[in-house]
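S.K.: run.txt is reproduced below (compact mmCIF, C-alpha atoms).
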# COMPACT_ATOMS: atom_id res chain seq x y z
CA MET A 11 -62.51 5.13 -14.29
CA GLY A 12 -62.15 1.65 -15.87
CA ASP A 13 -59.99 3.02 -18.68
CA LEU A 14 -57.80 4.86 -16.26
CA GLY A 15 -57.46 1.75 -14.20
CA TRP A 16 -56.38 -0.21 -17.22
CA LYS A 17 -53.80 2.41 -18.11
CA ALA A 18 -52.50 2.31 -14.60
CA ARG A 19 -52.04 -1.41 -14.96
CA ARG A 20 -50.81 -1.13 -18.53
CA TRP A 21 -47.70 1.04 -17.97
CA PRO A 22 -45.99 -1.41 -15.52
CA VAL A 23 -46.61 -4.14 -18.04
CA ILE A 24 -45.01 -2.11 -20.78
CA GLY A 25 -42.06 -1.30 -18.51
CA ALA A 26 -41.62 -4.94 -17.59
CA LEU A 27 -41.69 -5.95 -21.23
CA ALA A 28 -39.06 -3.33 -21.95
CA LEU A 29 -36.86 -4.87 -19.29
CA VAL A 30 -37.37 -8.26 -20.90
CA VAL A 31 -36.28 -6.84 -24.27
CA VAL A 32 -33.20 -5.24 -22.69
CA SER A 33 -32.35 -8.44 -20.87
CA LEU A 34 -32.70 -10.56 -23.99
CA ALA A 35 -30.67 -8.08 -26.03
CA ALA A 36 -27.87 -8.14 -23.49
CA GLY A 37 -27.56 -11.90 -23.79
CA PRO A 38 -25.19 -13.95 -21.57
CA ALA A 39 -23.10 -10.89 -20.71
CA ALA A 40 -25.85 -9.62 -18.41
CA ALA A 41 -25.88 -12.82 -16.33
CA VAL A 42 -24.57 -12.77 -12.79
CA PRO A 43 -20.91 -14.02 -12.70
CA PRO A 44 -19.89 -17.14 -10.79
CA PRO A 45 -19.92 -16.76 -7.02
CA PRO A 46 -16.74 -15.37 -5.40
CA PRO A 47 -15.06 -17.24 -2.51
CA ASN A 48 -17.11 -17.23 0.66
CA PRO A 49 -14.90 -17.58 3.79
CA SER A 50 -16.49 -19.43 6.67
CA ASP A 51 -17.47 -17.79 9.93
CA SER A 52 -14.75 -19.75 11.70
CA GLU A 53 -12.10 -18.42 9.30
CA ILE A 54 -13.22 -14.83 9.89
CA SER A 55 -13.46 -15.41 13.65
CA SER A 56 -10.01 -17.01 13.74
CA SER A 57 -8.47 -14.14 11.77
CA ARG A 58 -10.07 -11.62 14.13
CA GLN A 59 -8.78 -13.49 17.15
CA ASP A 60 -5.30 -13.54 15.62
CA ALA A 61 -5.49 -9.79 14.96
CA ASP A 62 -6.77 -9.15 18.50
CA SER A 63 -3.95 -11.28 19.90
CA LYS A 64 -1.37 -9.35 17.90
CA ALA A 65 -2.95 -6.06 18.99
CA GLY A 66 -2.69 -7.16 22.62
CA GLU A 67 0.93 -8.19 22.09
CA VAL A 68 1.70 -4.83 20.50
CA GLY A 69 0.11 -3.13 23.51
CA GLN A 70 2.20 -5.15 25.92
CA LEU A 71 5.37 -4.47 23.95
CA THR A 72 4.48 -0.78 23.79
CA ASN A 73 4.19 -0.66 27.58
CA ARG A 74 7.43 -2.60 28.03
CA LEU A 75 9.17 -0.36 25.53
CA ALA A 76 7.95 2.75 27.36
CA GLU A 77 9.27 1.33 30.63
CA ALA A 78 12.56 0.38 28.97
CA GLU A 79 12.96 3.85 27.49
CA SER A 80 12.21 5.41 30.87
CA ARG A 81 14.80 3.13 32.49
CA LEU A 82 17.28 4.00 29.72
CA ASP A 83 16.80 7.70 30.45
CA GLU A 84 17.43 7.08 34.16
CA LEU A 85 20.57 5.07 33.40
CA GLN A 86 21.80 7.77 31.04
CA SER A 87 21.45 10.30 33.86
CA THR A 88 23.33 7.93 36.16
CA VAL A 89 26.11 7.56 33.58
CA GLU A 90 26.46 11.33 33.34
CA LEU A 91 26.60 11.59 37.15
CA ARG A 92 29.19 8.83 37.42
CA MET A 93 31.29 10.44 34.69
CA GLU A 94 31.31 13.71 36.62
CA GLU A 95 32.25 11.84 39.81
CA ALA A 96 35.08 10.13 37.93
CA ASN A 97 36.27 13.52 36.68
CA LYS A 98 36.23 14.84 40.25
CA ALA A 99 38.23 11.85 41.46
CA LEU A 100 40.77 12.44 38.70
CA VAL A 101 41.16 16.10 39.68
CA ASP A 102 41.47 15.17 43.38
CA LEU A 103 44.09 12.54 42.55
CA GLN A 104 46.14 14.99 40.50
CA THR A 105 45.95 17.52 43.31
CA ALA A 106 47.05 14.89 45.86
CA GLN A 107 49.91 13.78 43.61
CA ASP A 108 51.09 17.37 43.21
CA ALA A 109 50.91 17.87 47.00
CA ALA A 110 52.84 14.63 47.65
CA ASP A 111 55.49 15.61 45.10
CA GLN A 112 55.92 19.01 46.75
CA ALA A 113 56.06 17.39 50.22
CA GLN A 114 58.75 15.02 48.95
CA ARG A 115 60.78 17.91 47.60
CA ASP A 116 60.39 19.79 50.91
CA ALA A 117 61.42 16.72 52.91
CA ASP A 118 64.45 16.13 50.70
CA ALA A 119 65.53 19.78 51.08
CA ALA A 120 65.05 19.69 54.89
CA ALA A 121 67.06 16.48 55.11
CA ARG A 122 69.91 18.00 53.10
CA GLU A 123 69.92 21.07 55.34
CA ALA A 124 70.00 18.93 58.50
CA ASP A 125 72.82 16.81 57.11
CA ALA A 126 74.82 19.89 56.11
CA ALA A 127 74.34 21.42 59.56
CA GLN A 128 75.52 18.22 61.23
CA ALA A 129 78.57 18.12 58.98
CA GLN A 130 79.45 21.72 59.92
CA ILE A 131 79.11 20.88 63.63
CA ASP A 132 81.32 17.84 63.27
CA THR A 133 83.96 19.87 61.43
CA ALA A 134 83.83 22.71 63.97
CA ARG A 135 84.12 20.29 66.92
CA ALA A 136 87.08 18.57 65.34
CA ASN A 137 88.80 21.88 64.67
CA LEU A 138 88.24 23.00 68.29
CA ASP A 139 89.58 19.79 69.69
CA GLN A 140 92.61 20.04 67.46
CA PHE A 141 93.20 23.65 68.42
CA ILE A 142 93.14 22.99 72.15
CA SER A 143 95.25 19.89 71.93
CA SER A 144 97.86 21.52 69.79
CA SER A 145 98.00 24.61 71.92
CA TYR A 146 98.71 22.76 75.16
CA GLN A 147 100.98 20.15 73.71
CA GLN A 148 103.16 22.38 71.56
CA GLY A 149 103.58 25.41 73.71
CA SER A 150 103.94 28.55 71.62
CA THR A 151 103.30 26.84 68.30
CA MET A 152 99.92 28.38 67.84
CA GLY A 153 99.81 29.57 64.29
CA SER A 154 98.64 33.16 64.14
CA LEU A 155 98.79 33.49 67.97
CA SER A 156 102.57 33.03 68.21
CA ALA A 157 103.10 36.78 68.19
CA TYR A 158 101.24 37.00 71.48
CA LEU A 159 102.61 33.86 73.08
CA GLY A 160 106.34 34.19 72.27
CA ALA A 161 107.50 35.09 75.81
CA THR A 162 108.38 32.37 78.29
CA SER A 163 107.88 34.33 81.49
CA PRO A 164 105.10 33.40 83.91
CA LYS A 165 103.31 36.60 83.07
CA ASP A 166 103.41 35.80 79.44
CA LEU A 167 102.20 32.28 80.09
CA LEU A 168 99.30 33.61 82.10
CA SER A 169 98.36 35.88 79.25
CA ARG A 170 98.64 32.93 76.85
CA ALA A 171 96.31 30.83 79.00
CA GLN A 172 93.77 33.62 79.17
CA LEU A 173 93.93 34.05 75.43
CA LEU A 174 93.48 30.33 74.85
CA GLU A 175 90.51 30.36 77.15
CA ALA A 176 88.96 33.30 75.30
CA VAL A 177 89.51 31.68 71.91
CA SER A 178 88.15 28.29 72.99
CA GLY A 179 85.17 29.94 74.66
CA SER A 180 84.33 31.85 71.51
CA GLN A 181 84.52 28.70 69.48
CA LEU A 182 82.39 26.84 72.00
CA ASN A 183 79.74 29.58 71.75
CA ALA A 184 79.81 29.28 67.98
CA LEU A 185 79.52 25.50 68.29
CA GLU A 186 76.47 25.82 70.55
CA MET A 187 74.85 28.16 68.09
CA MET A 188 75.54 25.68 65.27
CA GLN A 189 74.07 22.88 67.37
CA GLN A 190 70.95 24.99 67.98
CA ALA A 191 70.62 25.62 64.24
CA GLN A 192 71.13 21.92 63.63
CA THR A 193 68.31 21.15 66.06
CA ASP A 194 66.01 23.57 64.25
CA LYS A 195 66.87 21.99 60.93
CA SER A 196 66.27 18.51 62.34
CA ASN A 197 62.86 19.64 63.60
CA LYS A 198 62.12 21.07 60.19
CA ASP A 199 63.21 17.79 58.59
CA ALA A 200 60.91 15.83 60.92
CA ALA A 201 57.97 18.14 60.15
CA ALA A 202 58.63 17.83 56.43
CA ARG A 203 58.69 14.04 56.66
CA GLN A 204 55.43 14.05 58.61
CA ALA A 205 53.87 16.31 55.98
CA LEU A 206 55.14 13.95 53.30
CA GLN A 207 53.57 10.99 55.09
CA LEU A 208 50.22 12.77 55.30
CA ALA A 209 50.45 13.80 51.63
CA GLN A 210 51.18 10.22 50.62
CA GLN A 211 48.21 9.01 52.66
CA ALA A 212 45.99 11.59 50.92
CA GLN A 213 47.37 10.42 47.57
CA ASP A 214 46.59 6.80 48.43
CA GLN A 215 43.05 7.75 49.40
CA ALA A 216 42.62 9.75 46.19
CA THR A 217 43.91 6.80 44.17
CA GLN A 218 41.39 4.49 45.84
CA ALA A 219 38.61 7.02 45.26
CA LYS A 220 39.52 7.25 41.57
CA VAL A 221 39.55 3.47 41.22
CA ALA A 222 36.11 3.33 42.86
CA ALA A 223 34.78 6.16 40.69
CA ASP A 224 36.13 4.56 37.52
CA GLY A 225 34.53 1.28 38.54
CA ALA A 226 31.19 2.97 39.19
CA ARG A 227 31.37 4.77 35.87
CA ALA A 228 32.20 1.54 34.01
CA ALA A 229 29.33 -0.24 35.76
CA ALA A 230 26.92 2.58 34.87
CA VAL A 231 28.04 2.60 31.23
CA SER A 232 27.71 -1.18 31.06
CA ALA A 233 24.20 -1.02 32.55
CA GLN A 234 23.24 1.75 30.13
CA GLN A 235 24.60 -0.19 27.15
CA SER A 236 22.80 -3.34 28.27
CA GLN A 237 19.54 -1.41 28.68
CA ALA A 238 20.04 0.23 25.30
CA ALA A 239 20.45 -3.22 23.73
CA GLN A 240 17.30 -4.44 25.49
CA THR A 241 15.41 -1.35 24.37
CA ALA A 242 16.58 -1.82 20.78
CA GLN A 243 15.49 -5.47 20.89
CA LEU A 244 12.09 -4.48 22.28
CA GLN A 245 11.75 -1.90 19.52
CA ALA A 246 12.65 -4.53 16.93
CA ASP A 247 10.17 -6.99 18.48
CA LYS A 248 7.47 -4.31 18.54
CA THR A 249 8.13 -3.46 14.89
CA THR A 250 7.91 -7.15 13.96
CA VAL A 251 4.66 -7.69 15.83
CA GLU A 252 3.22 -4.45 14.43
CA GLN A 253 3.94 -5.82 10.96
CA GLN A 254 2.29 -9.09 11.95
CA LEU A 255 -0.67 -7.11 13.31
CA TYR A 256 -0.93 -5.20 10.04
CA GLU A 257 -0.88 -8.46 8.08
CA ALA A 258 -3.48 -9.99 10.43
CA GLN A 259 -5.70 -6.94 10.03
CA GLN A 260 -5.24 -7.18 6.27
CA ARG A 261 -6.32 -10.83 6.42
CA VAL A 262 -9.39 -9.84 8.44
CA SER A 263 -10.18 -7.08 5.96
CA GLY A 264 -9.59 -9.45 3.07
CA LEU A 265 -11.87 -12.13 4.47
CA GLN A 266 -14.51 -9.57 5.38
CA GLY A 267 -14.19 -8.15 1.88
CA GLN A 268 -14.64 -11.61 0.39
CA ARG A 269 -17.70 -12.16 2.58
CA GLN A 270 -19.12 -8.79 1.53
CA ARG A 271 -18.51 -9.55 -2.15
CA TYR A 272 -20.17 -12.93 -1.71
CA GLU A 273 -23.17 -11.36 0.03
CA ASP A 274 -23.38 -8.78 -2.78
CA TRP A 275 -23.29 -11.65 -5.29
CA VAL A 276 -26.06 -13.46 -3.43
CA ALA A 277 -28.19 -10.31 -3.45
CA GLN A 278 -27.49 -9.75 -7.14
CA LYS A 279 -28.29 -13.39 -7.93
CA GLN A 280 -31.52 -13.14 -5.97
CA ARG A 281 -32.51 -10.01 -7.88
CA GLU A 282 -31.73 -11.77 -11.16
CA ASP A 283 -33.80 -14.80 -10.19
CA GLU A 284 -36.69 -12.57 -9.17
CA LEU A 285 -36.44 -10.63 -12.44
CA GLN A 286 -36.39 -13.82 -14.48
CA ALA A 287 -39.43 -15.09 -12.61
CA GLN A 288 -41.25 -11.82 -13.28
CA GLN A 289 -40.27 -11.94 -16.94
CA ALA A 290 -41.50 -15.50 -17.27
CA ALA A 291 -44.81 -14.62 -15.60
CA LEU A 292 -45.29 -11.58 -17.81
CA ALA A 293 -44.40 -13.49 -20.94
CA SER A 294 -46.89 -16.17 -20.01
CA SER A 295 -49.82 -13.86 -19.11
CA ASN A 296 -49.32 -11.19 -21.81
CA SER A 297 -48.08 -13.17 -24.80
CA SER A 298 -51.01 -11.87 -26.89
CA SER A 299 -50.85 -8.28 -25.70
CA SER A 300 -49.37 -5.58 -27.89
CA GLY A 301 -47.09 -2.99 -26.40
CA GLY A 302 -47.66 0.73 -26.88
CA GLY A 303 -45.28 3.57 -27.12
CA GLY A 304 -43.54 4.91 -24.13
CA ASN A 305 -40.18 4.37 -22.76
CA SER A 306 -39.28 4.73 -19.11
CA ARG A 307 -36.05 4.20 -17.27
CA PRO A 308 -35.58 4.10 -13.53
CA SER A 309 -34.06 7.27 -12.37
CA ALA A 310 -30.49 7.09 -11.09
CA PRO A 311 -30.11 7.61 -7.35
CA ALA A 312 -29.02 11.05 -6.37
CA THR A 313 -25.44 11.28 -5.30
CA SER A 314 -24.08 13.65 -2.73
CA GLY A 315 -21.04 13.84 -0.50
CA SER A 316 -21.51 11.68 2.61
CA SER A 317 -19.76 12.05 5.92
CA SER A 318 -17.78 8.86 5.24
CA SER A 319 -16.49 10.22 1.94
CA THR A 320 -15.55 13.47 3.69
CA VAL A 321 -13.64 11.51 6.33
CA GLU A 322 -11.81 9.57 3.64
CA ARG A 323 -10.89 12.82 1.90
CA VAL A 324 -9.50 14.17 5.20
CA VAL A 325 -7.54 10.97 5.79
CA ALA A 326 -6.25 10.94 2.21
CA ARG A 327 -4.97 14.51 2.54
CA ALA A 328 -3.13 13.66 5.75
CA MET A 329 -1.72 10.40 4.32
CA SER A 330 -0.44 12.26 1.26
CA GLN A 331 2.10 13.97 3.53
CA LEU A 332 3.74 10.80 4.89
CA GLY A 333 7.49 11.31 5.15
CA MET A 334 7.24 15.11 5.16
CA PRO A 335 9.73 16.61 7.69
CA TYR A 336 8.53 17.97 11.00
CA ALA A 337 8.92 21.75 11.14
CA TRP A 338 7.75 23.61 14.23
CA GLY A 339 5.13 26.20 13.21
CA GLY A 340 4.95 24.74 9.70
CA GLY A 341 1.91 23.87 7.59
CA ASN A 342 -1.31 25.56 6.48
CA ALA A 343 -4.41 24.73 4.46
CA SER A 344 -2.37 24.74 1.22
CA GLY A 345 0.33 22.36 2.38
CA PRO A 346 3.74 22.35 4.09
CA THR A 347 5.46 25.65 4.89
CA ARG A 348 8.78 26.75 6.37
CA GLY A 349 9.04 26.31 10.15
CA ILE A 350 9.66 29.16 12.59
CA ARG A 351 12.14 29.73 15.41
CA ASP A 352 11.29 28.72 18.98
CA GLY A 353 14.55 29.80 20.66
CA GLY A 354 15.20 26.27 21.87
CA VAL A 355 14.77 22.65 20.77
CA ALA A 356 13.24 23.34 17.34
CA ASP A 357 16.05 25.80 16.54
CA SER A 358 18.64 23.19 17.48
CA TYR A 359 17.13 20.91 14.82
CA GLY A 360 17.01 23.72 12.27
CA ASP A 361 13.21 23.62 11.95
CA TYR A 362 13.18 27.23 10.76
CA ARG A 363 15.12 26.10 7.67
CA LYS A 364 12.82 23.13 6.89
CA ILE A 365 9.63 22.90 4.84
CA GLY A 366 7.10 20.72 6.62
CA PHE A 367 4.38 20.43 9.26
CA ASP A 368 4.04 20.51 13.00
CA CYS A 369 1.22 18.50 14.62
CA SER A 370 -1.48 21.18 14.44
CA GLY A 371 -0.33 22.33 10.99
CA LEU A 372 -0.95 18.81 9.64
CA MET A 373 -4.52 18.94 11.01
CA ILE A 374 -5.09 22.33 9.33
CA TYR A 375 -4.09 20.80 5.99
CA ALA A 376 -6.07 17.58 6.49
CA PHE A 377 -9.34 19.37 7.32
CA ALA A 378 -8.96 22.15 4.74
CA GLY A 379 -12.29 22.51 2.95
CA VAL A 380 -14.10 21.00 5.94
CA LYS A 381 -13.30 23.50 8.65
CA SER A 382 -10.71 26.22 9.16
CA LEU A 383 -8.61 25.36 12.20
CA PRO A 384 -6.33 27.57 14.33
CA HIS A 385 -2.64 26.74 14.43
CA TYR A 386 -2.73 25.65 18.08
CA SER A 387 -3.64 22.17 19.31
CA GLY A 388 -5.32 23.53 22.45
CA TYR A 389 -7.84 25.48 20.35
CA GLN A 390 -8.28 22.57 17.95
CA TYR A 391 -9.38 20.41 20.90
CA THR A 392 -12.45 22.63 21.35
CA SER A 393 -13.11 23.14 17.63
CA GLY A 394 -15.65 20.31 17.25
CA ARG A 395 -17.84 17.81 19.05
CA ARG A 396 -15.99 15.90 21.74
CA VAL A 397 -16.64 12.17 22.09
CA PRO A 398 -15.27 9.66 24.64
CA LEU A 399 -12.20 7.76 23.52
CA ALA A 400 -14.21 4.53 23.67
CA GLN A 401 -16.34 5.93 20.82
CA MET A 402 -13.53 7.37 18.70
CA ARG A 403 -13.64 6.54 15.00
CA ARG A 404 -11.72 7.15 11.81
CA GLY A 405 -11.25 10.86 11.13
CA ASP A 406 -11.37 12.01 14.77
CA MET A 407 -8.58 14.12 16.26
CA LEU A 408 -6.74 12.79 19.33
CA PHE A 409 -4.96 15.03 21.83
CA TRP A 410 -2.29 14.67 24.54
CA GLY A 411 -1.41 16.73 27.60
CA ARG A 412 -3.72 16.50 30.60
CA SER A 413 -1.79 19.30 32.29
CA GLY A 414 -1.78 21.35 29.07
CA ILE A 415 -2.48 20.12 25.53
CA HIS A 416 0.75 19.84 23.53
CA HIS A 417 0.07 17.35 20.70
CA VAL A 418 -2.64 16.30 18.21
CA ALA A 419 -2.95 13.42 15.74
CA LEU A 420 -5.58 12.04 13.31
CA TYR A 421 -7.14 8.67 14.19
CA LEU A 422 -7.17 6.16 11.28
CA GLY A 423 -8.98 3.28 12.97
CA ASN A 424 -7.75 -0.12 14.16
CA GLY A 425 -5.67 1.55 16.85
CA MET A 426 -3.55 3.50 14.32
CA MET A 427 -3.03 7.23 13.83
CA ILE A 428 -1.08 9.66 11.63
CA GLU A 429 0.91 12.47 13.21
CA ALA A 430 3.71 15.00 12.80
CA PRO A 431 5.57 13.85 15.95
CA GLN A 432 8.47 16.14 16.86
CA SER A 433 11.62 17.90 15.65
CA GLY A 434 14.02 15.61 13.85
CA MET A 435 11.23 13.25 12.70
CA VAL A 436 8.77 13.04 9.80
CA VAL A 437 5.01 12.63 9.35
CA ARG A 438 4.28 8.98 10.13
CA VAL A 439 1.61 6.35 10.87
CA THR A 440 1.95 4.74 14.29
CA ARG A 441 0.00 3.05 17.07
CA VAL A 442 -2.12 5.24 19.34
CA ARG A 443 -0.24 6.12 22.53
CA TYR A 444 -2.49 6.19 25.57
CA GLY A 445 -0.05 7.73 28.04
CA ASP A 446 -1.17 11.29 28.89
CA ILE A 447 -3.91 11.15 26.22
CA MET A 448 -6.94 13.38 26.67
CA PRO A 449 -10.17 11.55 27.63
CA PHE A 450 -12.08 12.85 24.60
CA ALA A 451 -11.53 12.84 20.84
CA THR A 452 -12.68 15.81 18.75
CA ARG A 453 -15.00 15.04 15.81
CA LEU A 454 -15.42 17.53 12.98
CA VAL A 455 -17.18 15.22 10.49
CA GLY A 456 -20.32 13.22 11.27
How does the structure come out when it is put into structure tokens?
M.R.:
Amino acid sequence: MGDLGWKARRWPVIGALALVVVSLAAGPAAAVPPPPPNPSDSEISSSRQDADSKAGEVGQLTNRLAEAESRLDELQSTVELRMEEANKALVDLQTAQDAADQAQRDADAAAREADAAQAQIDTARANLDQFISSSYQQGSTMGSLSAYLGATSPKDLLSRAQLLEAVSGSQLNALEMMQQAQTDKSNKDAAARQALQLAQQAQDQATQAKVAADGARAAAVSAQQSQAAQTAQLQADKTTVEQQLYEAQQRVSGLQGQRQRYEDWVAQKQREDELQAQQAALASSNSSSSGGGGNSRPSAPATSGSSSSTVERVVARAMSQLGMPYAWGGGNASGPTRGIRDGGVADSYGDYRKIGFDCSGLMIYAFAGVKSLPHYSGYQYTSGRRVPLAQMRRGDMLFWGRSGIHHVALYLGNGMMIEAPQSGMVVRVTRVRYGDIMPFATRLVG
């Protein structure tokens, strides 16, 4: 038992001496390098506060931008309505102008007819007066009646008088009929003028309505353009602050990385100091001992795929598709595929001619080798363990559509996600949108 005990004590000594030999053989190259920079707690805290402030500002700008875009949509609808109203006013004005023009032509024609009738009456009256006057003043000089009035006897004179009376009576009857016609034409002229007046009033009203409609349209367009400018400025501001947030997060990561490297250096330096102390103690207590054969090396730690490495592989696969076109129905475990027809919006963007991903297709590709997913975001939502959004972490899937799931994205951490957004766009990294988001994230790894 004593010999075995000595051997049990002897092998650690031999191993320690071997480490001393290795350490001495390595020389200065095996020494721990100089310490890396060690940022202070206040620097790290300040950088985190700056990043948090930028994240809050991005959130505020995101909300303002959403409100601005909603307002822009409302104003666009108003512009379209006002344009249609302006078109209606233009049609009404043209109709009123045509009616007024026709009424003017009718009034002019009625006036000419009334004037012509009056002229005929005046001519007929003058001819009658002349006929009677000439007949009584000139005796038998009666033009075509002289053959009947040539005798000078009383009987003949009586006949002449009766004939004159008959002729004048006939002409008077004709004159009365002409006067009646003239009255009818005058009434028609009056009615035409009244119709013209009403048509002109309608035209004036239509003109005023068109002016008002044009003014409303111009005001709506101006409001829409102003809102569009504000929205564009908000988008620009949001992009700027998002860049500042990214830089702030990079500073935080950089400082945390420096701190981690410093802590690793401290641990390495501590191990070196401990090893040197052990070597010195062994050299002092065993300087006369002789080493035996045997050679042992610490076994290397076993390596295996961890959940974090799996998550990073999933993220890397998704990030490799940045910039790939959106194609409705596109994407599988092997990569992007040609989109399919939807009979609507996607067809209008030509998705069926594009090679790319839709939102659920990108998830299928990202998680290939981890889990086979169906090509439908609603089924993907129930494909793994669901965790509250407050506990979401890198590699989780996020979903939208409380009244019916319609979108999915991959969470990257720090409030960012990667998605295939919609027709006409490309795979991109963007901030998480919380409007209409589902209350749970789906976790397939970890």
S.K.: Between CA of Tyr375 (chain A) and CA of Gln331 (chain A), measure the distance and give it in Å to one decimal.
M.R.: 9.5 Å
S.K.: For Gly456 (chain A), which of A:Asp357, A:Asp51, A:Asp352, A:Glu322 is the closest residue, counting only C-alpha atoms?
M.R.: A:Glu322
S.K.: Could you jot down the CA of Arg412 (chain A) to CA of Tyr391 (chain A) separation for me, Å, one decimal place?
M.R.: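 Pair CA of Arg412 (chain A) / CA of Tyr391 (chain A) returns 11.9 Å.
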S.K.: My list of candidates is A:Gly411, A:Ala356, A:Glu94, A:Phe450. Which is closest to Pro398 (chain A) when distances are computed with only C-alpha atoms?
M.R.: A:Phe450
S.K.: Can you work out the spacing between CA of Leu454 (chain A) and CA of Gly394 (chain A) in Å, to one decimal?
M.R.: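 Distance between the two atoms: 5.1 Å.
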S.K.: Skip region 421-433 of chain A itself and residues of its chain fewer than 6 positions away, then list as an MDAnalysis selection string all residues within 8 Å of it, counting only C-alpha atoms.
M.R.: chainID A and resid 325 328:329 336:338 355:356 359 361 367:369 372 402:408 439:442
S.K.: Hey, which of A:Gln259, A:Thr193, A:Thr392, A:Asn97 ends up closest to Ser56 (chain A)? Count all atoms listed in the file.
M.R.: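 The answer is A:Gln259, which sits nearest to Ser56 (chain A).
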S.K.: May I have the residues within 12 Å of Asp132 (chain A) as an mmCIF file with C-alpha atoms, keeping the file's coordinate frame, using only C-alpha atoms and disregarding those fewer than 5 positions away in the same chain?
M.R.:
data_model
loop_
_atom_site.group_PDB
_atom_site.id
_atom_site.type_symbol
_atom_site.label_atom_id
_atom_site.label_comp_id
_atom_site.auth_asym_id
_atom_site.auth_seq_id
_atom_site.Cartn_x
_atom_site.Cartn_y
_atom_site.Cartn_z
ATOM 1 C CA ASP A 125 72.820 16.810 57.110
ATOM 2 C CA ALA A 126 74.820 19.890 56.110
ATOM 3 C CA ALA A 127 74.340 21.420 59.560
ATOM 4 C CA ASN A 137 88.800 21.880 64.670
ATOM 5 C CA LEU A 138 88.240 23.000 68.290
ATOM 6 C CA ASP A 139 89.580 19.790 69.690
ATOM 7 C CA LEU A 185 79.520 25.500 68.290
ATOM 8 C CA GLU A 186 76.470 25.820 70.550
ATOM 9 C CA MET A 188 75.540 25.680 65.270
ATOM 10 C CA GLN A 189 74.070 22.880 67.370
ATOM 11 C CA GLN A 192 71.130 21.920 63.630
#
S.K.: Could you give me, as a PDB file with C-alpha atoms, keeping the file's coordinate frame, the residues within 10 Å of Trp275 (chain A), counting all atoms listed in the file and dropping anything in the same chain fewer than 2 positions from it?
M.R.:
ATOM      1  CA  VAL A  42     -24.570 -12.770 -12.790  1.00  0.00           C
ATOM      2  CA  PRO A  43     -20.910 -14.020 -12.700  1.00  0.00           C
ATOM      3  CA  PRO A  44     -19.890 -17.140 -10.790  1.00  0.00           C
ATOM      4  CA  PRO A  45     -19.920 -16.760  -7.020  1.00  0.00           C
ATOM      5  CA  PRO A  46     -16.740 -15.370  -5.400  1.00  0.00           C
ATOM      6  CA  ARG A 269     -17.700 -12.160   2.580  1.00  0.00           C
ATOM      7  CA  GLN A 270     -19.120  -8.790   1.530  1.00  0.00           C
ATOM      8  CA  ARG A 271     -18.510  -9.550  -2.150  1.00  0.00           C
ATOM      9  CA  TYR A 272     -20.170 -12.930  -1.710  1.00  0.00           C
ATOM     10  CA  GLU A 273     -23.170 -11.360   0.030  1.00  0.00           C
ATOM     11  CA  ALA A 277     -28.190 -10.310  -3.450  1.00  0.00           C
ATOM     12  CA  GLN A 278     -27.490  -9.750  -7.140  1.00  0.00           C
ATOM     13  CA  LYS A 279     -28.290 -13.390  -7.930  1.00  0.00           C
ATOM     14  CA  GLN A 280     -31.520 -13.140  -5.970  1.00  0.00           C
ATOM     15  CA  ARG A 281     -32.510 -10.010  -7.880  1.00  0.00           C
TER      16      ARG A 281
END
S.K.: Please provide the set of residues having any atom within 10 Å of Gln218 (chain A), restricted to all atoms listed in the file, with same-chain residues fewer than 5 positions apart removed, written as a list in words.
M.R.: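 Returned residues: Ala99, Leu103, Ala212, Gln213, Ala223 and Asp224 of chain A.
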S.K.: With C-alpha atoms kept, could you save the residues just selected as a PDB file, in the frame of the given file?
M.R.:
ATOM      1  CA  ALA A  99      38.230  11.850  41.460  1.00  0.00           C
ATOM      2  CA  LEU A 103      44.090  12.540  42.550  1.00  0.00           C
ATOM      3  CA  ALA A 212      45.990  11.590  50.920  1.00  0.00           C
ATOM      4  CA  GLN A 213      47.370  10.420  47.570  1.00  0.00           C
ATOM      5  CA  ALA A 223      34.780   6.160  40.690  1.00  0.00           C
ATOM      6  CA  ASP A 224      36.130   4.560  37.520  1.00  0.00           C
TER       7      ASP A 224
END
S.K.: Using only C-alpha atoms, determine which residues lie at most 10 Å from Arg115 (chain A), disregarding the query and same-chain residues fewer than 6 positions distant; provide the list as a ChimeraX atom specification.
M.R.: /A:109,121,202,206
